[in-house]
Structure formats: structure tokens, C-alpha cells
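Worksheet: the structure to be examined is printed underneath.
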Amino acid sequence: MAKVIGIDLGTTNSAVAVMEAGEPTIIPNAEGGRTTPSIVAVNKAGERLVGQVAKRQAVTNPDNTIFSIKRLMGRKYDEPSAEYDRKMLPYKIVKAANGDANVKMGDKDYSPPEISAMILQKLKTDAEAYLGEKVTEAVITVPAYFNDSQRQATKDAGKIAGLEVLRIVNEPTAASLAYGLDKKHDEVIAVYDLGGGTFDISILELGEGTFKVESTNGDTHLGGDDFDQRVMDWLCDEFKKDQGIDLRQDKMALQRLKEAAEKAKTELSTVQQTDVNLPFVTADASGPKHLNITLTRSKLEQLVMDLVEKTIEPCKQALTDAEKTTAQIDEVILVGGQTRMPLVQKKVQEYFGKEPHKGVNPDEVVAVGAAIQAGVLKGDVKDVLLLDVTPLTLGIETLGAVATPLIPRNTTIPTAKSQIFSTAADNQPSVEIHVLQGERPMAADNRTLGRFMLDGILPAPRGMPQVEVTFDIDANGILNVRAQDKGTGKEQKITITASSGLSKDEVDKMQKEAEMHASEDTKRREEIEAKNTGDSLAYQAEKLLRDNKDKVPADLNAEAEEKIAALKNTLNGDDTEAIKKATEELNATMQKIGTAVYQQQQPPPGGEAPPPPPEGGEGENGGDDENTVEGEFKEV
Amino acid sequence: MPEDSQENENIEPENESGEIKSSGSLEEQLAAEQQKAAEYLASWQRAQADFINYKRRVEQERSEFNSYANTNLILGILPVLDDLERAIEAMPAKIAASEWGEGIKLVEHKFKTILQGQGVIPMISVGETFDPTIHEALRQEKGEEGIILEEFQRGYMLGERVIRPAKVVVGNEEEEDNPNG
């Protein structure tokens with residue numbers, strides 16, 4: 001069954017999102033952008049252009065470039081608001097036979113739903129390319145203040161674009177959904193939406209999973225663009241004061257300034273000050289002039305303070321209309337790019353006395369909410385399969401009391417993982433599987449989930465037997481651990497149901513502990529690893545000397561024995577540096593022996609020739625299984 | 001004003017089909033189980049299809065990432081090249097003729113060569129026909145219609161992709177043909 005997309009059909013920009021594996025994802029358009037300008041045009045050749053491309057040619061084709069079509073949706077030609085738009089918009093608005101406001105593009109008249117449909121069609125096509133499947137159904141958002149005919153017009157636009165509109169959702173409702181507020185009960189939510197060109201405030205009341213719009217207010221001509229203009233004006237004034245040149249007269253300079261102003265404004269949301277640096281911005285008789293002005297966040301805030309304060313009055317009005325006080329507001333949500341500005345966030349928080357929700361990209365939050373609504377609707381046909389994750393890492397104890405992870409935390413379950421381990425001593429008859437849960441590298445610091453023995457391992461040198469350990473967690477979080485001796489086929493297993501029994505607090509506590517102890521744990525792990533490496537090398541060296549008695553020159557033999565003794569001596573202590581040094585020295589001697597032995601042109605002594613000592617968990621026996629990871633059980 | 005009702009209460013797991021109230025006939029149970037099996041198979045197939053599509057897209061994204069990973073870095077550096085070009089353009093004749101001026105021009109040349117080596121190709125715009133897929137019109141001036149008269153900011157391609165459209169001025173001459181102003 002096809003996917004349902006969620007569409008934020010905006011006045012200036014539109015966005016589309018979809019639920020993927022339970023998570024909302026923004027679908028980028030064919031040009032790679034995460035939002036698409038809501039602009040449609042027909043060029044002289046009669047070709048239709050939509051989105052970024054239409055925007056780029058707008059000034060060459062103002063009569064046939066339609067933007068802000070949303071303002072005309074479901075409007076009559078003679079309505080006062082449409083009349084206002086007739087004056088403001090550069091394209092021609094005409095009266096349709098039914099009295100609706102239509103627009104002229106090319107030599108044809110179009111209804112606003114037809115224009116919107118062209119935007120929707122592009123979003124649909126791009127979504128299909130992204131998803132690799134046909135899309136036929138959508139959820140589309142509209143402003144909360146849209147009346148029935150405007151909603152119907154939006155539905156019609158969907159139909160024209162070949163989309164069945166499963167639901168029309170209010171934009172503030174979609175934003176609330178994006179923050180998961182539908183899970184709550186009986187709350188009052190304020191949605192503060194400050195975009196590029198418009199400001200909207202909505203007060204919603206949330207009942208039993210139902211959002212009711214109590215009131216809306218706003219300013220149709222206030223937004224981020226006004227903020228940019230303030231910065232630009234200030235830069236021009238500063239430059240004039242400094243250099244005596246008015247950049248407003250220089251179109252080229254003004255264009256550069258416009259971009260620099262927007263960039264500076266954006267940067268100041270994350271840093272305290274920024275340099276606006278435009279070398280060779282203009283020139284006069286005396287030569288080139290450079291603009292290099294530092295703009296601080298506090299200066300920017302000074303420049304736009306009144307703009308931000310202008311948004312508070314509509315908030316007051318909306319609360320009055322909803323018959324609420326600020327104290328009754330339970331949640332505040334920020335929508336629109338300009339709400340990234342710390343000053344805006346501060347003012348909103350001051351006014352409502354609540355810290356606003358952040359985290360979801362404010363340019364995308366409405367589309368995300370629409371996609372969630374689409375997912376909920378699709379859930380009616382039983383598609384929602386909730387998959388859990390393991391909150392903590394699961395593993396076993398290996399040589400040196402180290403916890404070796406098999407399934408890292410946050411792995412989606414059900415899942416299974418196998419790894420081959422071996423013995424730590426010659427002729428070790430059994431291994432103990434100690435199942436651990438937690439993030440700490442040492443076994444003792446983690447939680448024991450269970451332990452069992454696998455015995456009957458045939459006598460063999462250490463490192464030879466292959467014991468396959470398999471962790472298998474089912475969808476209910478029940479963990480099955482199985483150990484099998486690959487040599488004899490003997491196996492043992494344990495089923496652990498308690499792994500799911502940890503409360504959220506316990507999980508958090510264990511994760512915090514792991515973070516707290518991260519550095520000392522790393523150090524301890526290094527110590528153990530050095531010991532294991534040294535131990536392994538000493539063992540191999542002894543074995544090699546034993547196996548190649550006749551081939552090793554006497555002096556080298558004596559040297560090696562001395563180095564082995566020295567290494568073993570350090571292994572009894574806890575001086576990691578000494579262990580590492582002794583290991584290196586022995587290693588160097590062993591390489592000399594290797595060279596000497598090969599120089600005697602003897603064939604290498606079978607598959608048991610000692611390769612350089614394994615480092616960390618690297619494979620020692622390049623055996624049949626490429627996935628074999630060497631780990632050794634402690635001797636029991 | 002319409003409101004959006006949230007159908008979140010549909011989380012109850014198949015009550016009607018799963019539980020056996022009285023000891024219903026075996027056929028009924030079988031039918032119920034068969035229905036469940038069909039549902040599960042369908043969900044599993046969908047999950048599998050989702051996964052295959054996802055894998056395909058990740059693969060595609062990875063190959064795109066390999067080709068275009070440097071886009072942001074290049075976009076960040078291009079303004080420096082713009083400035084350098086402006087500096088050279090505004091270079092006084094006396095300096096331009098000097099060895100020092102020559103050196104600066106070599107720096108510019110090297111800069112461009114390195115970008116070219118990364119697949120960054122400058123667009124030639126002036127005199128070309130305006131094309132909104134690669135050009136961005138800032139304004140119109142008197143001149144041949146649809147032809148680019150002036151370039152405010154050079155456009156660049158990275159391989160096949162426009163990473164920065166050229167910002168241009170376009171001619172508007174033949175107003176009479178289009179009497180709708």
C-alpha cells in the first residue's frame with residue numbers, strides 16, 4: 001500500500017514529509033532543498049516553472065509569476081482582503097464567472113486551487129522520486145483561520161494534483177503533533193509562528209486527543225524579512241558614517257549587503273558576534289572601499305527589539321479572545337525560521353511564563369506534524385508496528401574481567417548476534433558464560449543477567465577451541481544466550497526475561513554512571529588489554545621456543561627466555577607502562593628469532609606458527625570464519 | 001471552525017479476532033488465524049519493501065555524498081574567490097604591471113585551478129540566454145530581451161549540479177509584444 005505524505009502548503013515556502021519506519025522524515029525536492037518556494041510561473045515559451053526555478057526568473061517575468069497564491073485561496077474577487085492583494089501583488093487578479101478571485105498567468109486564467117495544485121504536483125513528483133513509489137494520498141495543512149471555502153479550495157487543489165486529501169489539518173495543530181502533545185490531556189497550547197513574512201499566534205485547547213482552535217491572531221506583514229531590512233539599514237548607515245558613501249545608491253553593493261545581512265542575522269542566533277566583511281564593496285575617486293563591521297548579538301537585538309515586541313500585542317488579543325490568561329497556558333510551541341533568534345525565544349518565554357518547545361526544525365515542524373497525522377490515519381489499516389530498542393549494551397565477560405559487548409545499546413529488536421570466542425588456558429575444559437548488561441567496560445561494574453557453564457571442551461592449546469556465543473532478543477525483549485563448542489557440537493543456553501525489567505530510572509542511572517566513569521574506565525580497559533597482549537605474547541613465545549628447539553640459535557634462545565621472564569614478572573604487577581615496554585622488547589626478540597628460523601630455510605611450522613601478538617580483539621587464527629573475533633574466556 | 005480529531009485510540013490489539021470468548025468452533029478459530037496470518041504476511045512484505053527502498057536510497061545518497069560532499073566547503077570558499085577577483089579587477093595599473101601584482105594574479109590562477117581540479121566549473125553568463133535553472137535574475141534593464149547583460153555574481157557548477165546560480169541582469173527590450181502592463 002502506498003505511503004501518505006504530509007504537506008505544509010505555505011504562503012512563501014512549502015515542505016513535504018513522510019513517515020518512514022515510524023519516524024517523520026522531510027523529503028528533499030529535486031533540487032536538493034528541504035523546502036520549496038510556493039511560486040509558479042509560465043515563461044515566454046509557454047513552459048511551466050515551479051519552485052526555486054520560478055523564483056529565480058520572477059523579476060524577468062513579473063506578470064506571469066504567481067506567488068502568495070495562498071492569500072487568494074477561496075476568496076471572492078470583491079472581498080476587501082482580495083482587493084488589498086490586488087493592489088499589492090504584481091500579477092493580474094481577475095474575476096471568475098462564479099465571482100471567485102482568479103489569476104492571469106500566460107494568456108490563461110487560473111483559479112487559486114489550480115495554481116496551488118501545480119505546487120502540490122511538484123511536491124508529489126519529488127516525493128515519488130524520493131520514495132520510489134506512487135503517492136496518491138496526502139494530509140495538507142492550512143492556517144487555523146481558514147474558513148470552510150478556503151479549506152475546500154485547498155482540498156480541490158489536492159484533487160487537481162492527483163492527490164486524495166485524507167485530511168485538512170490546522171498548522172498549529174500539526175506543530176503540536178510534531179511535539180507529541182496529542183498524547184497529553186486537557187491542555188492549553190499557544191503556537192507562536194514567526195515566519196519570513198507573516199506572524200500568527202494560535203491558542204489551542206487539547207481535549208481527548210482532539211485539538212480545538214480557540215482563537216487566532218497575528219500580523220500578515222511582519223516577519224524575518226523585516227529583521228533583515230533592519231540589519232541592512234544599519235550597515236548602510238554605519239558605512240555612510242564611516243566612509244561618507246551611501247551604499248543604497250549602488251545596486252551591486254546593495255545586493256551583496258542584503259545577503260551579508262541575512263547571514264549575519266542567522267549567525268548571531270548561535271554566536272555572540274560576527275564580522276560583516278565585504279572587501280571592495282564600492283569605490284570612489286580615491287579608490288576601492290571596504291566594508292568591515294562587527295555586529296554583536298546585543299546590537300542586533302537593539303535593532304529589532306520593537307519588531308519582536310510587536311508580536312506580543314496579537315498574543316494578548318488571542319488570549320483575550322480565547323478567554324484565557326497566560327497562567328493557563330500549558331505549552332508553548334515555536335514555528336517559523338525567525339523563532340530561532342534567542343531574543344524571540346526569550347520574549348515569548350517572558351510573556352507566557354513557560355519555556356517554549358524547541359528541537360524540531362521550526363521551518364519543518366508543520367510538515368513533520370502533517371506526516372505524523374498521515375501516519376496516524378494510515379495506522380487505521382494496522383500498519384503501526386512498534387519496535388523497541390535495547391536500552392543498554394548486552395555482552396559477556398572475557399579474559400581480564402572485561403565486558404565484551406555483543407549487542408550495543410539502542411539496537412532495534414528483535415535482533416541476533418553471534419561471535420566466536422576461545423579459551424584462555426591450555427587444556428581448559430570448560431568456559432563460563434557470564435551475561436552482562438551495561439555500558440561499563442569492566443564486567444564487575446555491569447549488571448549480571450545470568451551465567452552458565454559450557455563444559456566438555458576437548459583438551460587443546462589456548463585459543464584453539466571455538467565457542468560460538470549467540471545472543472538473540474525477541475520482540476518482547478526476552479534474551480536467549482546460547483554457547484556452542486564448534487568442535488564437539490555441545491551446547492548450553494539460558495533464557496533471560498529480566499533484561500526488560502529495568503525501569504527507565506535504572507537505565508538512566510546506568511547510562512549516567514557510564515558517562516561519569518568514562519575516562520577511568522578507558523584507562524582500566526587499556527591496562528587489561530596491555531596485560532592480555534603481554535600474556536598472550538609470553539605464551540606464544542614459550543610455545544615457539546618449545547616447538548622449534550633445534551632451529552633457534554642458542555644466544556637468541558637465552559635472550560628470549562630472559563625477556564619472557566621479565567615480561568611475566570611485569571605481568572604480576574600493575575605497571576601498565578612496564579608491561580607495554582616488556583611486551584615490545586620480547587616482540588623485537590621474537591622477530592629476530594623468526595628471521596633466524598626462516599633464514600635456515602626451514603618451512604614454516606604448520607598453521608600454529610605464532611603470528612604477531614593479537615592486538616585488542618583482533619583475530620588471531622585467520623581460520624575459516626571471517627567473522628571470527630577473538631576473545632578469550634577467563635579460565636575457570 | 002473545523003477541528004482535527006486524533007484517532008489515537010486504535011492501538012487496541014485485535015480484540016475481535018484474537019481472544020476466544022466461548023469455545024468457538026474450530027473453523028471460526030481457523031478463519032481468524034488465517035486472517036491474522038494474511039495480515040502479518042502483508043505487514044511483513046511491506047516492511048521488507050520499505051527496507052529495500054530504504055537501502056536503495058541510502059545507496060544513492062551515499063554515491064551522491066561521495067560526489068558532492070565538498071559542496072558546503074566550496075560554497076563557503078567561493079566568496080573569497082569573488083573578493084580576490086574584485087581586488088584584481090580594482091588593481092591600480094601601476095601595481096598590476098609590477099612583479100607583486102603579477103604574483104597576486106598567479107595566486108588567483110592557482111585558486112581557480114585547484115577548484116577546477118575538484119570539478120568546480122565557472123559559468124559563462126554574459127551574452128547567454130537567461131535560464132532560471134542556472135541563473136538567478138536580480139533585475140531587468142534595457143537590452144536584448146532574455147539575454148544576460150551583466151553578471152553580479154558568478155555561477156558555479158560542481159560536476160552536473162548547479163551549486164551556485166549566477167546572479168544576473170537580464171534584458172527586457174521588447175515590451176510592445178506583451179501588452180499587459
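Identifiers in this document derive from the order of the C-alpha cells: chains are assigned A, B, ..., residues are numbered from 1 separately in each chain, and ligands are numbered from 1 in order of occurrence.
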
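Here the strand (DSSP E or B) residues in region 89-168 of chain B, by DSSP on the backbone, are Val120, Ile121, Pro122, Thr129, His135, Glu136, Ala137, Leu138, Arg139, Gln140, Glu141, Ile147, Ile148, Leu149, Glu150, Glu151, Phe152, Gln153, Tyr156, Met157, Leu158, Arg161, Val162, Ile163, Arg164, Ala166, Lys167 and Val168 of chain B.
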
Chain A residues within 9 Å of chain B, counting only C-alpha atoms: which ones, as a PyMOL selection string?
-> chain A and resi 1+20-21+31+52-60+63+92+130-133+144-148+167-170+173+182-183+208-213+252+255+278-281+283+287-288+373+376-377+379-380+382-385

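Residue nearest Arg164 (chain B) within the list B:Gly117, B:Gly127, B:Gly76, B:Gly103: B:Gly76 [criterion: smallest interatomic distance, only C-alpha atoms].
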
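As for CA of Val42 (chain A) and CA of Gly74 (chain A), they are spaced 22.5 Å apart.
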
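Coordinates place CA of Pro62 (chain A) at a distance of 10.2 Å from CA of Asn43 (chain A).
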
Spatial neighbours of Tyr179 (chain A), 9 Å, only C-alpha atoms, chain gap at least 5 places, as an mmCIF file with C-alpha atoms, in the first residue's frame:
data_model
loop_
_atom_site.group_PDB
_atom_site.id
_atom_site.type_symbol
_atom_site.label_atom_id
_atom_site.label_comp_id
_atom_site.auth_asym_id
_atom_site.auth_seq_id
_atom_site.Cartn_x
_atom_site.Cartn_y
_atom_site.Cartn_z
ATOM 1 C CA ALA A 174 0.337 19.937 13.090
ATOM 2 C CA ILE A 333 5.417 25.920 20.563
ATOM 3 C CA HIS A 357 9.260 23.708 23.000
ATOM 4 C CA LYS A 358 12.281 23.584 20.743
ATOM 5 C CA GLY A 359 14.101 20.787 18.991
ATOM 6 C CA VAL A 360 12.091 20.233 15.845
ATOM 7 C CA VAL A 365 7.710 21.374 12.133
ATOM 8 C CA GLY A 369 3.211 17.185 12.057
#

Provide the CA of Asn532 (chain A) to CA of Ala425 (chain A) distance in Å, to one decimal place.
-> 12.1 Å

Using only C-alpha atoms, which of the listed residues (A:Asp363, A:Asp200, A:Glu585, A:Asp535) sits closest to Glu559 (chain A)?
-> A:Glu585

Report as a tab-separated table (two decimals) with N, CA and C atoms, in the first residue's frame all protein, DNA and RNA residues lying within 8 Å of Gly195 (chain A), evaluated on only C-alpha atoms, omitting residues in the same chain fewer than 4 positions from it.
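To be explicit, this is the file written out as result-v1.tsv:
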chain	number	residue	atom	x	y	z
A	199	PHE	N	3.21	36.73	10.75
A	199	PHE	CA	3.22	36.28	12.13
A	199	PHE	C	1.82	35.78	12.50
A	223	GLY	N	7.71	39.77	9.71
A	223	GLY	CA	8.46	38.51	9.68
A	223	GLY	C	9.95	38.72	9.54
A	224	GLY	N	10.66	37.67	9.33
A	224	GLY	CA	12.11	37.67	9.27
A	224	GLY	C	12.68	38.66	8.25
A	335	VAL	N	7.18	28.09	15.85
A	335	VAL	CA	7.17	27.70	14.45
A	335	VAL	C	7.75	28.86	13.64
A	336	GLY	N	8.41	28.55	12.53
A	336	GLY	CA	8.94	29.60	11.66
A	336	GLY	C	10.40	29.90	11.95
A	337	GLY	N	11.16	30.14	10.88
A	337	GLY	CA	12.61	30.30	10.98
A	337	GLY	C	13.05	31.40	11.93
A	338	GLN	N	12.29	32.50	11.99
A	338	GLN	CA	12.73	33.62	12.81
A	338	GLN	C	12.69	33.29	14.31
A	339	THR	N	11.97	32.22	14.69
A	339	THR	CA	11.92	31.86	16.12
A	339	THR	C	13.22	31.21	16.59
